[in-house]
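Visitor: Take a look at query-v6.csv, CSV, C-alpha atoms and all ligand atoms:
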```csv
chain,number,residue,atom,x,y,z
X,272,MET,CA,187.3,105.8,-153.4
X,273,ALA,CA,186.6,109.1,-151.8
X,274,THR,CA,189.4,111.7,-151.9
X,275,ARG,CA,190.3,113.2,-148.7
X,276,VAL,CA,190.2,117.0,-148.5
X,277,ALA,CA,193.1,118.4,-146.5
X,278,PRO,CA,191.8,120.6,-143.6
X,279,PRO,CA,192.3,124.3,-144.2
X,280,ASP,CA,195.6,125.7,-143.0
X,281,PRO,CA,194.8,128.2,-140.1
X,282,ALA,CA,197.6,130.5,-141.4
X,283,ASP,CA,195.8,130.7,-144.8
X,284,TYR,CA,192.5,131.4,-143.1
X,285,ARG,CA,194.1,134.2,-141.1
X,286,ARG,CA,195.7,135.8,-144.2
X,287,LEU,CA,192.4,135.6,-146.0
X,288,GLN,CA,190.7,137.2,-143.0
X,289,ALA,CA,193.3,140.0,-142.8
X,290,ALA,CA,192.9,140.7,-146.6
X,291,TYR,CA,189.2,140.8,-146.2
X,292,GLN,CA,189.4,143.3,-143.2
X,293,GLN,CA,191.9,145.4,-145.2
X,294,SER,CA,189.5,145.6,-148.2
X,295,LEU,CA,186.7,146.6,-145.9
X,296,ARG,CA,188.9,149.4,-144.5
X,297,TYR,CA,189.7,150.6,-148.1
X,298,ALA,CA,186.0,150.6,-149.0
X,299,GLU,CA,185.3,152.6,-145.9
X,300,ASP,CA,188.0,155.1,-146.8
X,301,VAL,CA,186.7,155.5,-150.3
X,302,ARG,CA,183.2,156.0,-149.0
X,303,ARG,CA,184.4,158.7,-146.6
X,304,LEU,CA,186.4,160.4,-149.3
X,305,TYR,CA,183.4,160.3,-151.6
X,306,GLN,CA,181.1,161.8,-149.0
X,307,GLN,CA,183.7,164.5,-148.2
X,308,GLN,CA,183.9,165.4,-151.9
X,309,GLN,CA,180.1,165.5,-152.2
X,310,ARG,CA,179.9,167.8,-149.2
X,311,SER,CA,182.5,170.1,-150.6
X,312,ILE,CA,180.6,170.3,-153.9
X,313,CYS,CA,177.4,171.0,-152.0
X,314,GLN,CA,179.1,173.7,-150.0
X,315,SER,CA,180.6,175.3,-153.1
X,316,LEU,CA,177.3,175.5,-154.8
X,317,LEU,CA,175.6,176.8,-151.7
X,318,GLY,CA,178.3,179.5,-151.5
X,319,LEU,CA,177.4,180.4,-155.1
X,320,ALA,CA,173.7,180.6,-154.3
X,321,ASN,CA,174.4,182.6,-151.2
X,322,ALA,CA,176.6,185.0,-153.1
X,323,LEU,CA,173.9,185.5,-155.6
X,324,GLU,CA,171.3,186.2,-152.9
X,325,ALA,CA,173.7,188.5,-151.0
X,326,LYS,CA,173.8,190.8,-154.0
X,327,ASP,CA,170.1,191.3,-153.7
X,328,ALA,CA,168.5,192.4,-150.4
X,329,TYR,CA,165.1,191.3,-151.8
X,330,THR,CA,166.0,187.6,-152.1
X,331,ARG,CA,168.2,187.2,-149.1
X,332,GLY,CA,167.2,184.0,-147.2
X,333,HIS,CA,164.7,183.1,-149.9
X,334,SER,CA,166.4,179.9,-151.0
X,335,GLU,CA,166.7,178.6,-147.4
X,336,ARG,CA,163.1,179.4,-146.7
X,337,VAL,CA,162.0,177.7,-149.9
X,338,ALA,CA,164.1,174.6,-149.1
X,339,GLU,CA,162.7,174.3,-145.6
X,340,LEU,CA,159.1,174.7,-146.7
X,341,SER,CA,159.6,172.4,-149.6
X,342,ARG,CA,161.1,169.7,-147.4
X,343,ARG,CA,158.1,169.9,-145.0
X,344,ILE,CA,155.6,169.7,-147.9
X,345,ALA,CA,157.5,166.7,-149.3
X,346,VAL,CA,157.1,164.8,-146.1
X,347,VAL,CA,153.3,165.6,-146.0
X,348,VAL,CA,152.8,164.4,-149.5
X,349,GLY,CA,154.5,161.1,-148.7
X,350,LEU,CA,158.1,161.4,-150.0
X,351,GLU,CA,160.8,159.8,-148.0
X,352,GLY,CA,164.6,159.7,-147.5
X,353,ASP,CA,166.6,160.7,-150.6
X,354,ASP,CA,163.5,162.1,-152.3
X,355,VAL,CA,162.9,164.6,-149.5
X,356,ALA,CA,166.6,165.5,-149.5
X,357,ALA,CA,166.5,166.1,-153.3
X,358,VAL,CA,163.5,168.4,-152.9
X,359,GLY,CA,165.4,170.3,-150.2
X,360,GLU,CA,168.5,170.6,-152.4
X,361,ALA,CA,166.4,171.8,-155.3
X,362,GLY,CA,164.7,174.4,-153.0
X,363,LEU,CA,168.2,175.7,-152.0
X,364,LEU,CA,169.5,175.8,-155.5
X,365,HIS,CA,166.4,176.5,-157.6
X,366,ASP,CA,167.4,180.0,-158.7
X,367,ILE,CA,171.2,179.3,-159.0
X,368,GLY,CA,170.8,179.7,-162.8
X,369,LYS,CA,170.1,183.4,-162.1
X,370,ILE,CA,173.8,183.8,-162.0
X,371,GLY,CA,173.5,183.9,-165.8
X,372,VAL,CA,170.9,186.8,-165.7
X,373,PRO,CA,172.4,190.3,-166.0
X,374,GLU,CA,172.1,192.1,-162.6
X,375,PRO,CA,170.1,195.1,-164.0
X,376,THR,CA,167.4,192.6,-165.2
X,377,LEU,CA,167.4,190.9,-161.8
X,378,ARG,CA,166.9,194.2,-159.9
X,379,LYS,CA,164.6,195.9,-162.4
X,380,PRO,CA,161.6,197.3,-160.6
X,381,GLY,CA,159.4,197.6,-163.7
X,382,PRO,CA,158.1,195.0,-166.2
X,383,LEU,CA,160.9,193.3,-168.2
X,384,SER,CA,161.5,193.8,-171.9
X,385,PRO,CA,161.0,190.8,-174.2
X,386,GLU,CA,164.8,190.3,-174.3
X,387,GLU,CA,165.2,190.6,-170.5
X,388,TRP,CA,162.3,188.2,-170.0
X,389,GLN,CA,163.9,185.7,-172.4
X,390,ALA,CA,167.1,185.9,-170.3
X,391,MET,CA,165.1,185.4,-167.1
X,392,ARG,CA,163.3,182.4,-168.5
X,393,ARG,CA,166.6,180.6,-169.1
X,394,HIS,CA,167.5,180.4,-165.4
X,395,PRO,CA,165.9,177.0,-164.6
X,396,MET,CA,167.8,175.4,-167.5
X,397,VAL,CA,171.1,177.2,-166.6
X,398,GLY,CA,170.6,176.1,-163.0
X,399,ALA,CA,170.0,172.4,-163.9
X,400,GLN,CA,173.1,172.6,-166.2
X,401,ILE,CA,175.2,174.0,-163.3
X,402,VAL,CA,174.4,171.1,-161.0
X,403,ALA,CA,174.1,168.3,-163.6
X,404,PRO,CA,177.8,167.3,-163.6
X,405,PHE,CA,177.6,166.3,-159.9
X,406,ASP,CA,176.2,162.8,-159.1
X,407,VAL,CA,175.0,164.1,-155.8
X,408,PHE,CA,172.5,166.4,-157.5
X,409,ALA,CA,171.2,163.8,-160.0
X,410,ARG,CA,167.7,163.8,-158.4
X,411,ALA,CA,167.7,167.6,-157.8
X,412,ALA,CA,168.7,168.7,-161.3
X,413,PRO,CA,165.3,167.9,-163.0
X,414,LEU,CA,163.5,169.6,-160.1
X,415,ILE,CA,165.6,172.7,-160.7
X,416,ARG,CA,164.9,172.6,-164.4
X,417,HIS,CA,161.1,172.3,-163.9
X,418,HIS,CA,160.4,174.6,-160.9
X,419,HIS,CA,158.7,177.2,-163.2
X,420,GLU,CA,156.5,174.7,-165.0
X,421,ARG,CA,152.8,175.2,-164.3
X,422,TRP,CA,150.1,172.6,-163.7
X,423,ASP,CA,148.1,173.9,-166.7
X,424,GLY,CA,151.2,173.8,-169.0
X,425,SER,CA,151.6,177.5,-169.2
X,426,GLY,CA,155.0,177.5,-167.5
X,427,TYR,CA,158.6,177.2,-168.7
X,428,PRO,CA,161.1,175.9,-169.9
X,429,ASP,CA,159.3,172.9,-171.4
X,430,GLY,CA,155.6,173.7,-171.0
X,431,LEU,CA,155.0,170.5,-169.1
X,432,ALA,CA,151.6,170.0,-167.5
X,433,GLY,CA,150.0,168.1,-164.6
X,434,HIS,CA,151.8,164.9,-163.5
X,435,ALA,CA,154.4,165.2,-166.3
X,436,ILE,CA,156.0,167.8,-164.0
X,437,PRO,CA,158.2,166.0,-161.5
X,438,LEU,CA,156.4,166.1,-158.1
X,439,GLY,CA,159.5,167.7,-156.4
X,440,ALA,CA,159.4,170.5,-158.9
X,441,ARG,CA,155.6,171.1,-158.2
X,442,ILE,CA,156.5,171.2,-154.5
X,443,VAL,CA,159.3,173.8,-155.0
X,444,ALA,CA,157.0,175.8,-157.2
X,445,VAL,CA,154.4,176.2,-154.5
X,446,ALA,CA,157.0,177.0,-151.8
X,447,ASP,CA,158.6,179.5,-154.2
X,448,VAL,CA,155.3,181.3,-154.9
X,449,PHE,CA,154.4,181.4,-151.2
X,450,ASP,CA,157.8,182.8,-150.2
X,451,ALA,CA,158.0,185.3,-153.1
X,452,LEU,CA,154.5,186.6,-152.1
X,453,THR,CA,155.4,187.0,-148.4
X,454,SER,CA,158.7,188.8,-149.2
X,455,THR,CA,159.1,192.4,-150.5
X,456,ARG,CA,160.4,192.5,-154.1
X,457,PRO,CA,161.7,195.4,-156.2
X,458,TYR,CA,158.3,195.6,-158.0
X,459,ARG,CA,155.9,195.1,-155.1
X,460,SER,CA,155.7,194.9,-151.3
X,461,ALA,CA,155.1,191.7,-149.3
X,462,VAL,CA,151.6,190.4,-148.7
X,463,GLY,CA,150.4,188.8,-145.4
X,464,ARG,CA,150.5,185.1,-144.8
X,465,GLU,CA,146.7,184.7,-145.1
X,466,ALA,CA,146.6,186.7,-148.4
X,467,ALA,CA,149.4,184.5,-149.7
X,468,LEU,CA,147.5,181.3,-148.8
X,469,ALA,CA,144.4,182.7,-150.4
X,470,HIS,CA,146.5,183.2,-153.6
X,471,LEU,CA,147.8,179.7,-153.5
X,472,LEU,CA,144.3,178.3,-153.1
X,473,ALA,CA,143.1,180.4,-156.0
X,474,GLU,CA,145.9,178.9,-158.2
X,475,ALA,CA,145.4,175.3,-157.0
X,476,GLY,CA,144.4,173.2,-160.0
X,477,ARG,CA,145.2,176.1,-162.3
X,478,THR,CA,148.9,176.9,-162.2
X,479,LEU,CA,149.8,174.9,-159.1
X,480,ASP,CA,149.1,171.3,-158.1
X,481,GLU,CA,146.1,171.3,-155.8
X,482,HIS,CA,147.4,168.4,-153.6
X,483,VAL,CA,150.7,170.2,-153.1
X,484,VAL,CA,148.9,173.4,-152.3
X,485,ALA,CA,146.7,171.6,-149.7
X,486,ALA,CA,149.9,170.1,-148.1
X,487,CYS,CA,151.5,173.5,-148.0
X,488,VAL,CA,148.5,175.2,-146.5
X,489,GLY,CA,148.4,172.3,-143.9
X,490,VAL,CA,152.0,172.8,-143.1
X,491,LEU,CA,151.7,176.6,-142.7
X,492,ARG,CA,148.4,176.5,-140.8
X,493,ALA,CA,149.8,173.9,-138.4
X,494,GLY,CA,152.6,176.5,-137.7
X,495,THR,CA,155.3,174.0,-138.5
X,496,ALA,CA,157.0,176.2,-141.0
X,501,FE,FE,163.1,180.6,-160.3
```
Is it possible to express this structure as structure tokens?
Ligand SMILES: [Fe+2]
Guide:
Amino acid sequence: MATRVAPPDPADYRRLQAAYQQSLRYAEDVRRLYQQQQRSICQSLLGLANALEAKDAYTRGHSERVAELSRRIAVVVGLEGDDVAAVGEAGLLHDIGKIGVPEPTLRKPGPLSPEEWQAMRRHPMVGAQIVAPFDVFARAAPLIRHHHERWDGSGYPDGLAGHAIPLGARIVAVADVFDALTSTRPYRSAVGREAALAHLLAEAGRTLDEHVVAACVGVLRAGTA
């Protein structure tokens, strides 16, 4: 004989519905708080990067320009969503590790001594370590670490070559070289845009990823950056 199932009590159903709605509200609150916290972390680190740049007239605005150009290149090479955002964050924070380099070394107009050069070469690792504790920079941290690697393996800190270098790091590298060339530095004056593009093209397939260089040249020639 089949057992009869009692029809659900409408009061139970309403209580369940109310509990469900409440848990959705809690989840939304947690999500909002998490986003606020992540934004605060981003702003703090940006403040640190800006403070670093503000000390040095030569690099003022460099990180923001590198971030902007990197994002545009990332889109052209086919990255999307969070990957484009990570490339932009890495562009903004790529040199944050220079906070660990003594100021006289940063500002030195002449060639660096071996010890100074050693300190300078640590900045990608220091930068990656600074952002590593924050989940929000999980994608950007390796890009910061590897932004001075070179396509032919002659870069630092790990001497990675070719596709072993994360694509985002290859993008930031190209944008960084272009912006450095077109800005005045303590040790040389700025070169024009066409001369800088010629330099990128000469380095394509040697120290820089040729596909990324092609994308960068396309972005700059199209006048969209
Ligand atoms: Fe750098």
Visitor: Which residues of chain X sit at most 7 Å from ligand FE 501 (chain X), using all atoms listed in the file? Give each one's shortest atom pair and distance in Å (one decimal place), in chain and ascending residue order, as a tab-separated table.
Guide:
```
residue	atom	partner	partner_atom	distance
X:His365	CA	X:FE501	FE	5.9
X:Asp366	CA	X:FE501	FE	4.6
X:His394	CA	X:FE501	FE	6.7
X:Pro395	CA	X:FE501	FE	6.3
X:His418	CA	X:FE501	FE	6.6
X:His419	CA	X:FE501	FE	6.3
```
Visitor: Provide the CA of Arg275 in chain X to CA of Tyr291 in chain X distance in Å, to one decimal place.
Guide: 27.7 Å
Visitor: Write out as a PDB file with C-alpha atoms, keeping the file's coordinate frame the residues lying within 8 Å of range 482-491 of chain X, counting only C-alpha atoms and excluding same-chain residues fewer than 3 positions away.
Guide:
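Result file follows (result10.pdb):
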```
ATOM      1  CA  LEU X 340     159.100 174.700-146.700  1.00  0.00           C
ATOM      2  CA  ARG X 343     158.100 169.900-145.000  1.00  0.00           C
ATOM      3  CA  ILE X 344     155.600 169.700-147.900  1.00  0.00           C
ATOM      4  CA  VAL X 347     153.300 165.600-146.000  1.00  0.00           C
ATOM      5  CA  VAL X 348     152.800 164.400-149.500  1.00  0.00           C
ATOM      6  CA  ARG X 441     155.600 171.100-158.200  1.00  0.00           C
ATOM      7  CA  ILE X 442     156.500 171.200-154.500  1.00  0.00           C
ATOM      8  CA  VAL X 445     154.400 176.200-154.500  1.00  0.00           C
ATOM      9  CA  ALA X 446     157.000 177.000-151.800  1.00  0.00           C
ATOM     10  CA  LEU X 468     147.500 181.300-148.800  1.00  0.00           C
ATOM     11  CA  LEU X 471     147.800 179.700-153.500  1.00  0.00           C
ATOM     12  CA  LEU X 472     144.300 178.300-153.100  1.00  0.00           C
ATOM     13  CA  ALA X 475     145.400 175.300-157.000  1.00  0.00           C
ATOM     14  CA  LEU X 479     149.800 174.900-159.100  1.00  0.00           C
ATOM     15  CA  GLY X 494     152.600 176.500-137.700  1.00  0.00           C
ATOM     16  CA  THR X 495     155.300 174.000-138.500  1.00  0.00           C
ATOM     17  CA  ALA X 496     157.000 176.200-141.000  1.00  0.00           C
TER      18      ALA X 496
END
```
Visitor: Please provide as a PyMOL selection string all residues within 10 Å of range 423-440 of chain X, with the sequence filter that same-chain residues fewer than 2 positions apart are discarded (counting only C-alpha atoms).
Guide: chain X and resi 341-342+344-345+348+350+354-355+357-359+361-362+365+392-396+410-421+442-446+476-480+483
Visitor: Hey, can you check how far CA of Cys313 in chain X sits from CA of Val407 in chain X?
Guide: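 Between CA of Cys313 in chain X and CA of Val407 in chain X the gap works out to 8.2 Å.
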Visitor: May I ask for the distance between CA of Leu452 in chain X and CA of His470 in chain X, given in Å to one decimal place?
Guide: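 Rounded to one decimal, the two atoms are 8.8 Å apart.
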Visitor: Hey, which of X:Gly371, X:Thr453, X:Glu481, X:Glu387 ends up closest to Trp422 in chain X? Count all atoms listed in the file.
Guide: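 Using all atoms listed in the file, the shortest distance to Trp422 in chain X belongs to X:Glu481.
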Visitor: Would you mind telling me which residue in X:Ala390, X:Val402, X:Ala290, X:Ala451 lies nearest to His333 in chain X when using all atoms listed in the file?
Guide: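 Among the listed residues, X:Ala451 lies closest to His333 in chain X.
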Visitor: Using only C-alpha atoms, can you tell me which of X:Leu323, X:Ala473, X:Leu383, X:Val346 comes closest to Lys369 in chain X?
Guide: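 Comparing X:Leu323, X:Ala473, X:Leu383, X:Val346 against Lys369 in chain X, the winner is X:Leu323.
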